[in-house]
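These notes are about the structure you will find just below.
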Amino acid sequence: MVALRRGTAERRRGQLALIGVIVLASTLIALLSAYSLQPKITYERGHLQAAQLVHLARACMATGSCNDAKLKALVDILSWLNQTYPTRMYNISEKRVLNLLLNSSSTSVTVTNATVFRIKTLQTEFTNNPEEVRITVTTASEPTGRRYSKQLGDRVYTMVEVKVTYTHSYSSPFFNVTLCPSLRTTDGVADLKRLGKCDWLVGAPLELSKPVGANRYRYDVRDEFGIPVPVLFTVPPKG
Amino acid sequence: MRHLEAAAIGLVFAIASAYMVALTARQGAGASGVGAQRALAWALLNAQSPENVTRLVSIALNGTSYEVHVLNPGEPLEPGHSVCYGAVLVNLTSGVEKIIVVCAGP
């Protein structure tokens with residue numbers, strides 16, 4: 001009888017100890033869950049900074065006469081704002097505008113506008129070679145040979161049909177992107193039809209085109225970023 | 001007594017689960033800082049106006065806690081979240097300069 005009572009008392013003590021352990025553990029876990037974490041934040045750099053430079057290059061091209069001075073002015077604005085806002089821009093060691101590289105074949109004309117930035121990334125600290133962000137805008141014009149008339153109000157325009165392939169290529173250590181921006185007319189006279197992702201059929205009014213050489217004309221449309229897109233074509237002399 | 005033990009074990013389990021959920025949520029919010037940087041980069045590549053950048057950021061960060069500030073140069077930034085990434089939008093033709101800041105984090 002005594003042994004039975006002793007056994008029951010020991011079991012009860014053991015159960016109380018177990019409950020004590022559980023209550024202690026619960027209290028500790030509850031305290032931990034209330035504790036506010038202080039994570040160390042590492043800012044990711046790369047994609048945004050390269051995209052920022054792409055944006056600056058496009059803004060410069062949208063003026064229609066981008067040169068090194070204009071690009072420098074834009075980079076200066078960025079450097080100034082970088083001191084106040086969290087743009088976390090890299091140190092830009094070089095900025096260059098490579099304008100209007102013409103590649104002409106018998107039927108098509110390709111115009112390439114490129115802007116190059118050299119930036120000092122973390123990798124540069126080890127390799128000593130600045131990395132490059134390159135923005136290349138390419139327009140290839142190929143006249144189809146078709147001409148037609150278009151009447152708008154009292155005026156009749158001679159439209160020259162040109163197949164245009166228009167691309168933006170952005171290369172950087174962080175991404176390589178090719179965009180096919182949409183095109184729009186500035187005067188409402190030209191005809192625009194999208195044939196494929198980057199391919200367009202442009203009806204350029206001859207009367208509103210600028211002569212840029214012997215029998216060669218240029219008509220500008222604009223892309224969705226406001227950049228002038230030169231549509232180049234030749235018209236055989238009348239005779 | 002057995003009921004008491006079961007209740008205590010249940011309590012421990014509930015508190016531990018709540019702690020794990022809170023921890024996961026905090027880690028998720030921290031990871032959104034990385035998302036904010038890339039979302040802003042993507043929006044910047046695809047859009048020229050502040051409205052479009054803001055719209056594209058909201059598409060990219062759908063379901064994540066974040067905030068977007070569109071500021072004029074010189075305007076102070078008062079973020080509610082701790083991790084902020086900014087971009088400068090310029091239009092030389094119209095002379096407009098805007099700063100877009102995306103903030104996320106715990």
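Just so we're on the same page: first chain in the structure tokens is A, next is B, and so on; residues restart at 1 for each chain, and ligands are numbered from 1 in the order they show up.
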### Message
Distance limit 8 Å, atoms considered: only C-alpha atoms. Which chain B residues sit that close to chain A? Return them as a count of residues only.
### Response
37
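For the pair CA of Ser171 in chain A and CA of Arg134 in chain A, the separation is 5.2 Å.
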### Task
Extract the full set of strand (DSSP E) residues from chain B according to DSSP on the backbone, and format it as a PyMOL selection string.
chain B and resi 66-71+83-91+96-104
Grab the residues selected above and save them as a PDB file, in the first residue's frame with C-alpha atoms.
ATOM      1  CA  TYR B  66       6.312  47.855 -51.587  1.00  0.00           C
ATOM      2  CA  GLU B  67       5.817  51.558 -52.195  1.00  0.00           C
ATOM      3  CA  VAL B  68       6.615  53.823 -55.146  1.00  0.00           C
ATOM      4  CA  HIS B  69       7.548  57.495 -54.772  1.00  0.00           C
ATOM      5  CA  VAL B  70       7.645  59.863 -57.756  1.00  0.00           C
ATOM      6  CA  LEU B  71       9.644  62.929 -56.723  1.00  0.00           C
ATOM      7  CA  VAL B  83      15.231  49.072 -48.666  1.00  0.00           C
ATOM      8  CA  CYS B  84      14.957  51.691 -51.399  1.00  0.00           C
ATOM      9  CA  TYR B  85      16.154  51.792 -55.001  1.00  0.00           C
ATOM     10  CA  GLY B  86      15.911  54.936 -57.111  1.00  0.00           C
ATOM     11  CA  ALA B  87      16.095  55.862 -60.780  1.00  0.00           C
ATOM     12  CA  VAL B  88      16.243  59.223 -62.531  1.00  0.00           C
ATOM     13  CA  LEU B  89      13.915  59.829 -65.460  1.00  0.00           C
ATOM     14  CA  VAL B  90      14.878  62.613 -67.822  1.00  0.00           C
ATOM     15  CA  ASN B  91      13.265  64.008 -70.924  1.00  0.00           C
ATOM     16  CA  VAL B  96      11.198  67.062 -67.179  1.00  0.00           C
ATOM     17  CA  GLU B  97      13.267  65.325 -64.527  1.00  0.00           C
ATOM     18  CA  LYS B  98      11.674  62.909 -62.073  1.00  0.00           C
ATOM     19  CA  ILE B  99      13.065  60.545 -59.505  1.00  0.00           C
ATOM     20  CA  ILE B 100      11.274  57.240 -59.045  1.00  0.00           C
ATOM     21  CA  VAL B 101      12.028  55.391 -55.823  1.00  0.00           C
ATOM     22  CA  VAL B 102      10.772  51.907 -55.044  1.00  0.00           C
ATOM     23  CA  CYS B 103      10.985  50.833 -51.399  1.00  0.00           C
ATOM     24  CA  ALA B 104      10.407  47.372 -50.005  1.00  0.00           C
TER      25      ALA B 104
END
### Message
Between CA of Pro130 in chain A and CA of Asp76 in chain A, what is the distance in Å, rounded to a tenth?
### Response
19.2 Å
### Task
Rounded to one decimal place, report the CA of Ser58 in chain B-CA of Ser82 in chain B distance in Å.
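Taking CA of Ser58 in chain B and CA of Ser82 in chain B, their separation equals 18.1 Å.
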Might you pull out every residue within 7 Å of Cys180 in chain A, with only C-alpha atoms counted and same-chain residues fewer than 3 positions away left off, and present them as a PDB file with N, CA and C atoms, in the first residue's frame?
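Result file follows (part_0.pdb):
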ATOM      1  N   TYR A 166      13.649  47.715 -87.247  1.00  0.00           N
ATOM      2  CA  TYR A 166      14.101  48.642 -86.199  1.00  0.00           C
ATOM      3  C   TYR A 166      14.293  47.907 -84.873  1.00  0.00           C
ATOM      4  N   THR A 167      15.503  47.959 -84.318  1.00  0.00           N
ATOM      5  CA  THR A 167      15.783  47.246 -83.062  1.00  0.00           C
ATOM      6  C   THR A 167      16.597  48.095 -82.082  1.00  0.00           C
ATOM      7  N   HIS A 168      16.380  47.844 -80.832  1.00  0.00           N
ATOM      8  CA  HIS A 168      17.221  48.371 -79.749  1.00  0.00           C
ATOM      9  C   HIS A 168      17.925  47.170 -79.113  1.00  0.00           C
ATOM     10  N   LYS A 197       7.780  41.321 -85.498  1.00  0.00           N
ATOM     11  CA  LYS A 197       8.180  41.897 -84.214  1.00  0.00           C
ATOM     12  C   LYS A 197       8.957  43.216 -84.403  1.00  0.00           C
ATOM     13  N   CYS A 198       9.978  43.171 -85.255  1.00  0.00           N
ATOM     14  CA  CYS A 198      10.791  44.379 -85.471  1.00  0.00           C
ATOM     15  C   CYS A 198      10.654  44.924 -86.888  1.00  0.00           C
TER      16      CYS A 198
END
### Task
Tell me which protein, DNA and RNA residues are within 12 Å of Thr112 in chain A, counting only C-alpha atoms, leaving out same-chain ones fewer than 6 positions away, and put them as number ranges by chain.
A: 61, 97-104, 135-141, 165-169, 229-230
For N, CA and C atoms, I'd like the residues from the last selection saved as a PDB file, in the first residue's frame.
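Output contents, as saved in selection-v8.pdb:
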ATOM      1  N   MET A  61      19.426  60.289 -77.241  1.00  0.00           N
ATOM      2  CA  MET A  61      19.091  60.028 -78.652  1.00  0.00           C
ATOM      3  C   MET A  61      17.779  60.705 -79.039  1.00  0.00           C
ATOM      4  N   VAL A  97      29.483  58.588 -77.623  1.00  0.00           N
ATOM      5  CA  VAL A  97      28.391  58.470 -78.581  1.00  0.00           C
ATOM      6  C   VAL A  97      28.994  58.094 -79.922  1.00  0.00           C
ATOM      7  N   LEU A  98      28.534  56.998 -80.481  1.00  0.00           N
ATOM      8  CA  LEU A  98      29.014  56.575 -81.804  1.00  0.00           C
ATOM      9  C   LEU A  98      27.842  56.750 -82.758  1.00  0.00           C
ATOM     10  N   ASN A  99      27.837  57.891 -83.461  1.00  0.00           N
ATOM     11  CA  ASN A  99      26.661  58.251 -84.251  1.00  0.00           C
ATOM     12  C   ASN A  99      26.764  57.833 -85.705  1.00  0.00           C
ATOM     13  N   LEU A 100      25.629  57.437 -86.218  1.00  0.00           N
ATOM     14  CA  LEU A 100      25.397  57.282 -87.649  1.00  0.00           C
ATOM     15  C   LEU A 100      26.490  56.496 -88.382  1.00  0.00           C
ATOM     16  N   LEU A 101      26.573  55.239 -88.118  1.00  0.00           N
ATOM     17  CA  LEU A 101      27.469  54.386 -88.898  1.00  0.00           C
ATOM     18  C   LEU A 101      26.630  53.790 -90.033  1.00  0.00           C
ATOM     19  N   LEU A 102      26.913  54.248 -91.226  1.00  0.00           N
ATOM     20  CA  LEU A 102      26.091  53.822 -92.363  1.00  0.00           C
ATOM     21  C   LEU A 102      26.672  52.583 -93.023  1.00  0.00           C
ATOM     22  N   ASN A 103      25.828  51.625 -93.228  1.00  0.00           N
ATOM     23  CA  ASN A 103      26.251  50.425 -93.921  1.00  0.00           C
ATOM     24  C   ASN A 103      25.314  50.251 -95.109  1.00  0.00           C
ATOM     25  N   SER A 104      25.787  50.620 -96.263  1.00  0.00           N
ATOM     26  CA  SER A 104      24.895  50.678 -97.415  1.00  0.00           C
ATOM     27  C   SER A 104      25.195  49.574 -98.420  1.00  0.00           C
ATOM     28  N   ILE A 135      24.487  50.565 -75.787  1.00  0.00           N
ATOM     29  CA  ILE A 135      23.117  50.736 -76.287  1.00  0.00           C
ATOM     30  C   ILE A 135      23.227  50.922 -77.796  1.00  0.00           C
ATOM     31  N   THR A 136      22.645  50.025 -78.548  1.00  0.00           N
ATOM     32  CA  THR A 136      22.753  50.087 -80.009  1.00  0.00           C
ATOM     33  C   THR A 136      21.349  50.155 -80.616  1.00  0.00           C
ATOM     34  N   VAL A 137      21.123  51.194 -81.384  1.00  0.00           N
ATOM     35  CA  VAL A 137      19.832  51.357 -82.062  1.00  0.00           C
ATOM     36  C   VAL A 137      20.081  51.219 -83.561  1.00  0.00           C
ATOM     37  N   THR A 138      19.443  50.232 -84.161  1.00  0.00           N
ATOM     38  CA  THR A 138      19.704  49.929 -85.570  1.00  0.00           C
ATOM     39  C   THR A 138      18.436  50.099 -86.403  1.00  0.00           C
ATOM     40  N   THR A 139      18.579  50.800 -87.510  1.00  0.00           N
ATOM     41  CA  THR A 139      17.468  50.963 -88.454  1.00  0.00           C
ATOM     42  C   THR A 139      17.934  50.486 -89.831  1.00  0.00           C
ATOM     43  N   ALA A 140      17.288  49.491 -90.352  1.00  0.00           N
ATOM     44  CA  ALA A 140      17.616  49.011 -91.711  1.00  0.00           C
ATOM     45  C   ALA A 140      16.441  49.347 -92.625  1.00  0.00           C
ATOM     46  N   SER A 141      16.722  50.113 -93.674  1.00  0.00           N
ATOM     47  CA  SER A 141      15.670  50.526 -94.616  1.00  0.00           C
ATOM     48  C   SER A 141      15.892  49.842 -95.956  1.00  0.00           C
ATOM     49  N   THR A 165      13.440  47.637 -90.613  1.00  0.00           N
ATOM     50  CA  THR A 165      13.675  46.755 -89.465  1.00  0.00           C
ATOM     51  C   THR A 165      14.325  47.605 -88.380  1.00  0.00           C
ATOM     52  N   TYR A 166      13.649  47.715 -87.247  1.00  0.00           N
ATOM     53  CA  TYR A 166      14.101  48.642 -86.199  1.00  0.00           C
ATOM     54  C   TYR A 166      14.293  47.907 -84.873  1.00  0.00           C
ATOM     55  N   THR A 167      15.503  47.959 -84.318  1.00  0.00           N
ATOM     56  CA  THR A 167      15.783  47.246 -83.062  1.00  0.00           C
ATOM     57  C   THR A 167      16.597  48.095 -82.082  1.00  0.00           C
ATOM     58  N   HIS A 168      16.380  47.844 -80.832  1.00  0.00           N
ATOM     59  CA  HIS A 168      17.221  48.371 -79.749  1.00  0.00           C
ATOM     60  C   HIS A 168      17.925  47.170 -79.113  1.00  0.00           C
ATOM     61  N   SER A 169      19.237  47.225 -78.999  1.00  0.00           N
ATOM     62  CA  SER A 169      19.974  46.156 -78.307  1.00  0.00           C
ATOM     63  C   SER A 169      20.736  46.761 -77.142  1.00  0.00           C
ATOM     64  N   VAL A 229      13.604  57.983 -85.959  1.00  0.00           N
ATOM     65  CA  VAL A 229      14.000  56.774 -86.707  1.00  0.00           C
ATOM     66  C   VAL A 229      14.131  57.175 -88.169  1.00  0.00           C
ATOM     67  N   PRO A 230      15.356  57.184 -88.707  1.00  0.00           N
ATOM     68  CA  PRO A 230      15.520  57.636 -90.097  1.00  0.00           C
ATOM     69  C   PRO A 230      15.137  56.535 -91.101  1.00  0.00           C
TER      70      PRO A 230
END
#### Entry: helix (DSSP H, G or I) per DSSP on the backbone: members of range 1-208 of chain A, as a PyMOL selection string
chain A and resi 2-34+47-61+68-82+122-127+206-208
